[in-house]
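Asker: Take this structure first; my questions come after.
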Amino acid sequence: MIDTVELAGKTPDQPQPWDELGLKADEYQRIRDILGRRPTNAELAMYSVMWSEHCSYKSSKVHLRQFGEKAPASDALLVGMGQNAGVVDIGHGYAITFKIESHNHPSYVEPYQGAATGVGGIVRDILAMGARPVAVMDSLRFGPLDADDTHRVLPGVVAGVGGYGNCLGLPNIGGEVVFDPSYAANPLVNALCVGVMKHEDIHLANATGVGNKVVLFGARTGGDGIGGASILASESFDDSKPSKRPAVQVGDPFMEKVLIECCLELFEARVVEAIQDLGAAGISCATSELASNGDGGMYVQLEKVLLRDPSLTPGEIMMSESQERMMGVVTPENLDAFLAITARWDVETAVIGEVTGTGRLIIDWHGETIVDVDPRTVAHDGPVYERPFARPEWQDELQAAGPEGLARPAGGDELRGTLLRLLGSPNLASKSWITDQYDRYVLGNTVLAQPEDAGVLRIDEETGLGVAIATDGNGRYAKLDPYTGAQLALAEAYRNVATTGARPLAVTDGLNFGSPEDPAVMWQFAEAIRGLADGCQALGTPVTGGNVSLYNQTGDTAILPTAIVGVLGVLDDVARRTPQGFRESGQVVYLLGETRDEFGGSEWAWAEHGHLGGRPPSVDLAAERELAEILVNASRDGLIDAAHDLSDGGLAVALVESVLRYGVGARVWVPDGVDPFVFLFSESQARAIVAVPRSEEVRFTDMCSARRFAHQRIGVVDDGGELDVQGLFTVPVEELRTAHESTLASAFEG
Amino acid sequence: MRIGVVTFPGSLDDRDAARAVRVAGGEAVSLWHGDADLHGVDGVVLPGGFSYGDYLRCGAIARFAPVMERVVDAARGGLPVLGICNGFQILCESHLLPGALIRNDHRKFVCRDQPLRVESVSTAWTSGYAAGQEIVIPLKNGEGGYVADERMLDELEAEGRVVLRYVGDNPNGSYRDIAGVTNARGNVVGLMPHPEHAVESLTGPGTDGLGFFTSVLEGLVRS
């Protein structure tokens, strides 16, 4: 028997499965108070998913406000937080929309589909804004490379990201992969999508215009992904519960590719008022968000939804997270034209309801009302928690246990050995085994892609206008100091974008943490947000939107606090971009920035000693800004031919990466009075190396001097086929390549 | 000169192929999978992608698209046809070219800048290259292993119908390192690598792929 609103009014004491749906007792009571009766099963399903951590941001909301409160003044922001994705003006009438989204829990349960649908979901968010998706990136975190489960999870995730993105025809232009024991049962799969549109094509997902039709189109609704947001993404894993595999969605990239082209044609023909993608919480989310962002009322006949499985109950239909579905709002006059376009693309479409002025979201099932709610109470008035947070007791101890006592390599042979081991360590090793499984060429506008510092895309063939995007996030730094760690993630992504010659404009973030019910985790989260918001203010790059993923922990062990930061920059002419690799023999190598003895949280301490303690490298955002100015101006004026940012593994690793790109050689010398180990491996921030043609050397150094920015001549590019650190050691390029490139291939092919 | 580029549902590199035609100096004409005629084009490119999702067998469904009936007829009449990646798979499924493409021997998708040797320059699409010329263009596929029976492979070799061969490591297990083949007449060419991604040095590994498009345009001008 179907549970109707009428029945709910008559049977107030009927027991309901709110606990199994992930609601707390007080949340259930609050729903009863709002409705003045018990919810129907369908209403309960709807509130349970929309009030889940994943959809409602109930633990994070109070902290995320800082991104708005501290947002720097920026002319570039066209649409800010709160919509499907933020929109940034890049000039010439073009706008970029970009955002990171997580699909962590599903990717652990079912790596291929979890990762694939993570890509699919963020692509639909971008599409819903009216933009053509033009590229994706992925930030991945796994357990130790040699752990058995990593060999189950990683190949599946990589195949899923590739399988979906490749089949969708979106180039994958960058991202990162990091291994750490804390991610062992909690891998992170964060996907970023970039979309392009003209200013006048921006669409907001609002249901306005009484009498307009509500249309559901794309794939049919099935039984997959039921409870994905509430059950899967909003709880920690626990061995005692049954398998959560059925809560993972299954993707169909072909359907999504057709849906992209179909939606873009609908927008172009101006026959659709708004499009909302169906992701977490499916129809529950799309109807309540569209209605509460618009005129506030909607009437839906749920039996009109096209089903893959006719046995689904109304509650299941409302909660299903079947992929590749979109909801459109269409005026009655445009409906025929709308249907003609979806028919041309063979996209199944059903008119399921209309916009009303009642202020209520009413859903009927074969003539009986099963939902009658104020949509705002579902979409926007969910619970807000001021979770207690406290600096953990172990934080002092962790910061006190610095890397100062660790044995350091001395002399040429030991330094050489250290370099080769670091190059092959899982975090610093080449990721080409992974990235070679991604299409980086499709659409024909990829100017730079991994392993470059940032992905660079041409946006306009006429003017050469382009964008650069980089993602970064160092969980070890953030564990030592979450405030600083979040700023270091921002600083690195900002620097990476500037390294290619692009002017950084805006930020998206993927915040991945453990359980918000643990005060120590909540403190990490609060500190990271405070750090990131302050950092964005200092750098003048507003946060445009992003994603929070909590409950990334198993038992009492949380993941490293992992704030992944994506920075978008603009290049007025992509032909001026600066690549990473050294190419021309005779060019002079300069080190920009100050090098200090900073090894807390470093890759050296971790890879060589298994040590994590002390303080992360210090942040100097003013210096980052100055360095970015130098790199952007040098690129524009043609003063440098290559640039590479210094980060994990320090100068030595950056030099090797620049040498390996085109297989040249380099001679480098350690400046007088500098400790060679610190010079080669310190992870001090706000630094980069550049290759300067001799003809431009004076102009370049004059610019650095005028800006009082530290710059040291440390070497020259040559074609000798080796990296020679003078007076210390020499390594042939082929030996460097073998050390760098064999780790992942032998781990997964061996 | 007008070169048609077919879009099937799931085609991905159709815009790139059209751009390559334009960069080479031709006019690109969009053809839709449901079209019943070829709009008078002088040549056709079947681009890369995953037509109809390729859930059955790559190219197996695209072969039955209405536009393919016209393409097959016109190809038999001598119209230059180039099949790239999924387009190559469709040409094999349509029996315009011999052999088949199977899953890569390492069972992964591979994307890389691929060195190739041009083995035959007596086709409509490779006449602008020098015989034996080595070029680098992107390769990106999951099912690019070229297979045919020994007799057919011997026949292709004997008739000079192997158009391209992989140089260095064989990236997918293709028999005899074959990357592309042609029909007896030389007007239909299929290859797994993507010449349309190597027509501008800004966005490709170089411009080695441009020759496919300039070859056909020059051939049309001469005739």
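We name chains A, B, ... following the order of the structure tokens; residues begin at 1 in each chain, and ligands are numbered from 1 as shown.
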Using only C-alpha atoms, I'd like a table of the residues in chain A that come within 10 Å of chain B; for each, show the closest atom pair and its distance in Å rounded to one decimal, ordered by chain and ascending number, as a Markdown table.
Answerer:
| residue | atom | partner | partner_atom | distance |
| --- | --- | --- | --- | --- |
| A:Pro155 | CA | B:Lys108 | CA | 9.8 |
| A:Ala159 | CA | B:Lys108 | CA | 7.8 |
| A:Gly162 | CA | B:Phe109 | CA | 7.8 |
| A:Gly163 | CA | B:Phe109 | CA | 8.1 |
| A:Asn166 | CA | B:Gly49 | CA | 8.5 |
| A:Cys167 | CA | B:Phe50 | CA | 6.2 |
| A:Leu168 | CA | B:Leu12 | CA | 7.3 |
| A:Gly169 | CA | B:Leu12 | CA | 5.1 |
| A:Leu170 | CA | B:Leu12 | CA | 8.5 |
| A:Asp252 | CA | B:Gly53 | CA | 8.3 |
| A:Pro253 | CA | B:Gly53 | CA | 7.5 |
| A:Phe254 | CA | B:Gly53 | CA | 4.7 |
| A:Met255 | CA | B:Gly53 | CA | 7.8 |
| A:Glu256 | CA | B:Gly10 | CA | 9.3 |
| A:Lys257 | CA | B:Gly10 | CA | 6.3 |
| A:Val258 | CA | B:Pro9 | CA | 6.3 |
| A:Glu261 | CA | B:Pro9 | CA | 9.2 |
| A:Arg344 | CA | B:Gly34 | CA | 9.6 |
| A:Trp345 | CA | B:Pro9 | CA | 7.6 |
| A:Asp346 | CA | B:Pro9 | CA | 9.2 |
| A:Ser432 | CA | B:Arg112 | CA | 9.9 |
| A:Trp433 | CA | B:Val110 | CA | 9.3 |
| A:Ile434 | CA | B:Val110 | CA | 9.6 |
| A:Thr435 | CA | B:Cys111 | CA | 8.2 |
| A:Asp436 | CA | B:Cys111 | CA | 5.0 |
| A:Gln437 | CA | B:Val110 | CA | 4.9 |
| A:Tyr438 | CA | B:Cys111 | CA | 6.3 |
| A:Asp439 | CA | B:Cys111 | CA | 5.7 |
| A:Arg440 | CA | B:Cys111 | CA | 7.5 |
| A:Tyr441 | CA | B:His197 | CA | 6.6 |
| A:Val442 | CA | B:Asp13 | CA | 6.1 |
| A:Leu443 | CA | B:Asp16 | CA | 5.8 |
| A:Gly444 | CA | B:Asp16 | CA | 5.6 |
| A:Asn445 | CA | B:Thr203 | CA | 5.9 |
| A:Thr446 | CA | B:Thr203 | CA | 5.4 |
| A:Val447 | CA | B:Thr203 | CA | 4.8 |
| A:Leu448 | CA | B:Thr203 | CA | 7.8 |
| A:Val456 | CA | B:Thr203 | CA | 9.9 |
| A:Leu457 | CA | B:Thr203 | CA | 8.8 |
| A:Arg458 | CA | B:Thr203 | CA | 8.5 |
| A:Val574 | CA | B:Leu202 | CA | 8.4 |
| A:Ala575 | CA | B:Leu202 | CA | 6.8 |
| A:Arg576 | CA | B:Leu202 | CA | 9.9 |
| A:Arg577 | CA | B:Leu202 | CA | 9.7 |
| A:Glu749 | CA | B:His106 | CA | 9.2 |
Asker: Any chance you could export the current selection's C-alpha atoms as a PDB file, in the first residue's frame?
Answerer:
ATOM      1  CA  PRO A 155      43.647   0.180 -11.243  1.00  0.00           C
ATOM      2  CA  ALA A 159      40.266   2.749 -15.453  1.00  0.00           C
ATOM      3  CA  GLY A 162      39.730   7.090 -17.993  1.00  0.00           C
ATOM      4  CA  GLY A 163      36.864   4.931 -19.187  1.00  0.00           C
ATOM      5  CA  ASN A 166      37.788   9.166 -22.576  1.00  0.00           C
ATOM      6  CA  CYS A 167      34.405   7.986 -23.763  1.00  0.00           C
ATOM      7  CA  LEU A 168      32.921  11.407 -23.037  1.00  0.00           C
ATOM      8  CA  GLY A 169      35.521  13.106 -25.201  1.00  0.00           C
ATOM      9  CA  LEU A 170      36.977  15.328 -22.497  1.00  0.00           C
ATOM     10  CA  ASP A 252      26.925   5.115 -19.046  1.00  0.00           C
ATOM     11  CA  PRO A 253      29.341   7.625 -20.600  1.00  0.00           C
ATOM     12  CA  PHE A 254      27.787   7.271 -24.048  1.00  0.00           C
ATOM     13  CA  MET A 255      24.449   8.444 -22.653  1.00  0.00           C
ATOM     14  CA  GLU A 256      26.218  11.349 -20.987  1.00  0.00           C
ATOM     15  CA  LYS A 257      28.026  12.353 -24.189  1.00  0.00           C
ATOM     16  CA  VAL A 258      24.700  12.414 -26.023  1.00  0.00           C
ATOM     17  CA  GLU A 261      25.368  17.609 -26.997  1.00  0.00           C
ATOM     18  CA  ARG A 344      16.867  14.100 -32.605  1.00  0.00           C
ATOM     19  CA  TRP A 345      19.423  12.891 -30.043  1.00  0.00           C
ATOM     20  CA  ASP A 346      17.291   9.827 -29.164  1.00  0.00           C
ATOM     21  CA  SER A 432      52.715   8.290 -16.594  1.00  0.00           C
ATOM     22  CA  TRP A 433      51.510   4.702 -16.050  1.00  0.00           C
ATOM     23  CA  ILE A 434      48.282   6.344 -14.875  1.00  0.00           C
ATOM     24  CA  THR A 435      48.061   9.418 -17.074  1.00  0.00           C
ATOM     25  CA  ASP A 436      48.854   7.474 -20.266  1.00  0.00           C
ATOM     26  CA  GLN A 437      45.448   5.843 -19.763  1.00  0.00           C
ATOM     27  CA  TYR A 438      43.746   9.231 -20.191  1.00  0.00           C
ATOM     28  CA  ASP A 439      43.066  10.961 -23.504  1.00  0.00           C
ATOM     29  CA  ARG A 440      44.717  14.379 -23.272  1.00  0.00           C
ATOM     30  CA  TYR A 441      44.253  15.350 -26.932  1.00  0.00           C
ATOM     31  CA  VAL A 442      40.538  15.177 -27.675  1.00  0.00           C
ATOM     32  CA  LEU A 443      38.850  18.505 -28.596  1.00  0.00           C
ATOM     33  CA  GLY A 444      42.175  19.701 -29.973  1.00  0.00           C
ATOM     34  CA  ASN A 445      42.743  22.578 -27.557  1.00  0.00           C
ATOM     35  CA  THR A 446      45.142  21.045 -25.054  1.00  0.00           C
ATOM     36  CA  VAL A 447      48.255  23.219 -24.952  1.00  0.00           C
ATOM     37  CA  LEU A 448      49.822  21.692 -21.827  1.00  0.00           C
ATOM     38  CA  VAL A 456      46.584  24.762 -20.228  1.00  0.00           C
ATOM     39  CA  LEU A 457      43.681  24.991 -22.673  1.00  0.00           C
ATOM     40  CA  ARG A 458      43.104  27.211 -25.662  1.00  0.00           C
ATOM     41  CA  VAL A 574      48.332  30.663 -25.030  1.00  0.00           C
ATOM     42  CA  ALA A 575      51.136  30.691 -27.594  1.00  0.00           C
ATOM     43  CA  ARG A 576      53.132  32.482 -24.853  1.00  0.00           C
ATOM     44  CA  ARG A 577      52.745  29.676 -22.295  1.00  0.00           C
ATOM     45  CA  GLU A 749      52.438  -4.822 -14.286  1.00  0.00           C
TER      46      GLU A 749
END
Asker: Name the residues in contact with Ala28 of chain B at a cut-off of 7 Å, using only C-alpha atoms, excluding same-chain residues fewer than 2 positions from it; report them as a ChimeraX atom specification.
Answerer: /B:2-5,18,21-22,26,30
Asker: Based on DSSP run over this structure's backbone, return all residues of segment 42-220 of chain B in alpha helix (DSSP H), as a ChimeraX atom specification.
Answerer: /B:66-76,86-93,150-158,210-220
Asker: From segment 312-558 of chain A, collect each residue whose DSSP state is strand (DSSP E) and return the set as a ChimeraX atom specification.
Answerer: /A:325-330,349-356,361-365,368-373,446-448,455-458,466-472,503-512,543-549,553-554,557-558
Asker: Which polymer residues have any atom within 7 Å of an atom of segment 619-630 of chain A, counting only C-alpha atoms, with same-chain residues fewer than 2 positions away left out, as a list in words?
Answerer: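 So, after excluding close chain neighbours, the residues are Thr484, Leu488, Ala491, Arg495, Ala498, Ala538, Leu539, Pro617, Val632, Asn633, Ala634, Gln685 and Ala686 of chain A.
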Asker: Any chance you can output those residues with C-alpha atoms as an mmCIF file, in the first residue's frame?
Answerer:
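Output contents, as saved in part.cif:
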data_model
loop_
_atom_site.group_PDB
_atom_site.id
_atom_site.type_symbol
_atom_site.label_atom_id
_atom_site.label_comp_id
_atom_site.auth_asym_id
_atom_site.auth_seq_id
_atom_site.Cartn_x
_atom_site.Cartn_y
_atom_site.Cartn_z
ATOM 1 C CA THR A 484 49.238 26.503 7.155
ATOM 2 C CA LEU A 488 50.371 25.687 1.243
ATOM 3 C CA ALA A 491 50.111 28.533 -2.691
ATOM 4 C CA ARG A 495 52.315 28.969 -8.211
ATOM 5 C CA ALA A 498 51.644 31.208 -12.691
ATOM 6 C CA ALA A 538 45.661 37.624 0.572
ATOM 7 C CA LEU A 539 46.130 36.336 -2.981
ATOM 8 C CA PRO A 617 57.455 24.953 5.397
ATOM 9 C CA VAL A 632 53.648 35.882 -15.743
ATOM 10 C CA ASN A 633 55.558 38.933 -16.994
ATOM 11 C CA ALA A 634 58.538 36.850 -18.091
ATOM 12 C CA GLN A 685 57.941 27.653 -0.759
ATOM 13 C CA ALA A 686 57.597 30.530 -3.238
#
Asker: Which of these, B:Gly206, B:Gly180, B:Pro66, B:Gly144, has the shortest distance to Asp37 of chain B once you count only C-alpha atoms?
Answerer: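 Closest to Asp37 of chain B of all the choices is B:Pro66.
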Asker: Can you work out the spacing between atom CA of Ala400 of chain A and atom CA of Gly613 of chain A in Å, to one decimal?
Answerer: 7.1 Å
Asker: Give me, as a list in words, all polymer residues having an atom no more than 9 Å from Gly663 of chain A, counting only C-alpha atoms and skipping those fewer than 4 positions away in the same chain.
Answerer: Gly581, Phe582, Arg583, Ser658, Val659, Asp719, Gly721, Glu722, Val733, Glu734 and Arg737 of chain A
Asker: Go ahead and dump the residues you just picked, N, CA and C atoms, as a PDB file, in the first residue's frame.
Answerer:
ATOM      1  N   GLY A 581      59.779  21.806 -19.433  1.00  0.00           N
ATOM      2  CA  GLY A 581      61.020  21.126 -19.790  1.00  0.00           C
ATOM      3  C   GLY A 581      62.099  22.038 -20.353  1.00  0.00           C
ATOM      4  N   PHE A 582      63.341  21.724 -19.973  1.00  0.00           N
ATOM      5  CA  PHE A 582      64.501  22.385 -20.598  1.00  0.00           C
ATOM      6  C   PHE A 582      64.655  21.824 -22.006  1.00  0.00           C
ATOM      7  N   ARG A 583      65.038  22.691 -22.943  1.00  0.00           N
ATOM      8  CA  ARG A 583      65.169  22.207 -24.304  1.00  0.00           C
ATOM      9  C   ARG A 583      66.448  22.699 -24.978  1.00  0.00           C
ATOM     10  N   SER A 658      62.564  18.686 -15.224  1.00  0.00           N
ATOM     11  CA  SER A 658      62.771  19.589 -16.366  1.00  0.00           C
ATOM     12  C   SER A 658      63.742  19.000 -17.373  1.00  0.00           C
ATOM     13  N   VAL A 659      64.706  18.247 -16.894  1.00  0.00           N
ATOM     14  CA  VAL A 659      65.692  17.619 -17.779  1.00  0.00           C
ATOM     15  C   VAL A 659      65.047  16.460 -18.548  1.00  0.00           C
ATOM     16  N   ASP A 719      73.601  19.622 -23.725  1.00  0.00           N
ATOM     17  CA  ASP A 719      73.112  18.391 -24.356  1.00  0.00           C
ATOM     18  C   ASP A 719      74.023  17.226 -24.012  1.00  0.00           C
ATOM     19  N   GLY A 721      73.577  14.931 -21.875  1.00  0.00           N
ATOM     20  CA  GLY A 721      72.915  13.681 -21.526  1.00  0.00           C
ATOM     21  C   GLY A 721      73.078  13.287 -20.076  1.00  0.00           C
ATOM     22  N   GLU A 722      73.424  14.245 -19.213  1.00  0.00           N
ATOM     23  CA  GLU A 722      73.495  13.912 -17.790  1.00  0.00           C
ATOM     24  C   GLU A 722      73.174  15.127 -16.935  1.00  0.00           C
ATOM     25  N   VAL A 733      71.108  10.818 -17.876  1.00  0.00           N
ATOM     26  CA  VAL A 733      69.671  11.052 -18.004  1.00  0.00           C
ATOM     27  C   VAL A 733      68.901   9.731 -18.039  1.00  0.00           C
ATOM     28  N   GLU A 734      69.460   8.725 -18.715  1.00  0.00           N
ATOM     29  CA  GLU A 734      68.737   7.449 -18.802  1.00  0.00           C
ATOM     30  C   GLU A 734      68.582   6.792 -17.438  1.00  0.00           C
ATOM     31  N   ARG A 737      65.829   8.550 -15.757  1.00  0.00           N
ATOM     32  CA  ARG A 737      64.534   8.165 -16.318  1.00  0.00           C
ATOM     33  C   ARG A 737      64.075   6.813 -15.770  1.00  0.00           C
TER      34      ARG A 737
END
Asker: Determine, counting only C-alpha atoms, which protein, DNA and RNA residues have an atom within 8 Å of an atom of Asp149 of chain A; residues of the same chain fewer than 5 positions away are not included. Present the result as a PyMOL selection string.
Answerer: chain A and resi 143+184-185
Asker: For the selection just defined, write its residues with all heavy atoms to a file, as a short mmCIF file (atom, residue, chain, number, x, y, z; two decimals), in the first residue's frame.
Answerer:
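Dumped to result08.cif:
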data_model
loop_
_atom_site.label_atom_id
_atom_site.label_comp_id
_atom_site.auth_asym_id
_atom_site.auth_seq_id
_atom_site.Cartn_x
_atom_site.Cartn_y
_atom_site.Cartn_z
N GLY A 143 46.13 4.25 -0.48
CA GLY A 143 46.96 3.67 0.57
C GLY A 143 48.36 3.39 0.01
O GLY A 143 48.66 3.73 -1.13
N ALA A 184 44.37 4.17 3.20
CA ALA A 184 44.30 2.74 2.84
C ALA A 184 42.86 2.25 2.62
O ALA A 184 42.56 1.66 1.62
CB ALA A 184 45.01 1.90 3.87
N ALA A 185 41.97 2.48 3.56
CA ALA A 185 40.59 2.04 3.33
C ALA A 185 39.71 3.25 2.99
O ALA A 185 38.49 3.14 2.95
CB ALA A 185 40.05 1.33 4.56
#
Asker: Need the shell around segment 78-91 of chain B: protein/DNA/RNA residues with any atom at most 7 Å away, counting only C-alpha atoms. Skip same-chain ones fewer than 5 positions apart. Format as an MDAnalysis selection string?
Answerer: chainID B and resid 42:50 58:60 62:63 96:97 100:101 124 187:194
Asker: For atom CA of Asp154 of chain B and atom CA of Thr182 of chain B, determine how far apart the two atoms are, in Å to one decimal place.
Answerer: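 Atom CA of Thr182 of chain B lies 13.9 Å from atom CA of Asp154 of chain B.
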Asker: Which residue, B:Asn104, B:Asn183, B:Thr123, B:Gln114, has the smallest gap to Phe212 of chain B when you use only C-alpha atoms?
Answerer: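 Among B:Asn104, B:Asn183, B:Thr123, B:Gln114, it is B:Thr123 that comes nearest to Phe212 of chain B.
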Asker: Given only C-alpha atoms as the basis, pick out the residue of A:Thr730, A:Ser59, A:Thr97, A:Thr557 nearest to Arg416 of chain A.
Answerer: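 Looking at the shortest contact to Arg416 of chain A, the residue is A:Thr730.
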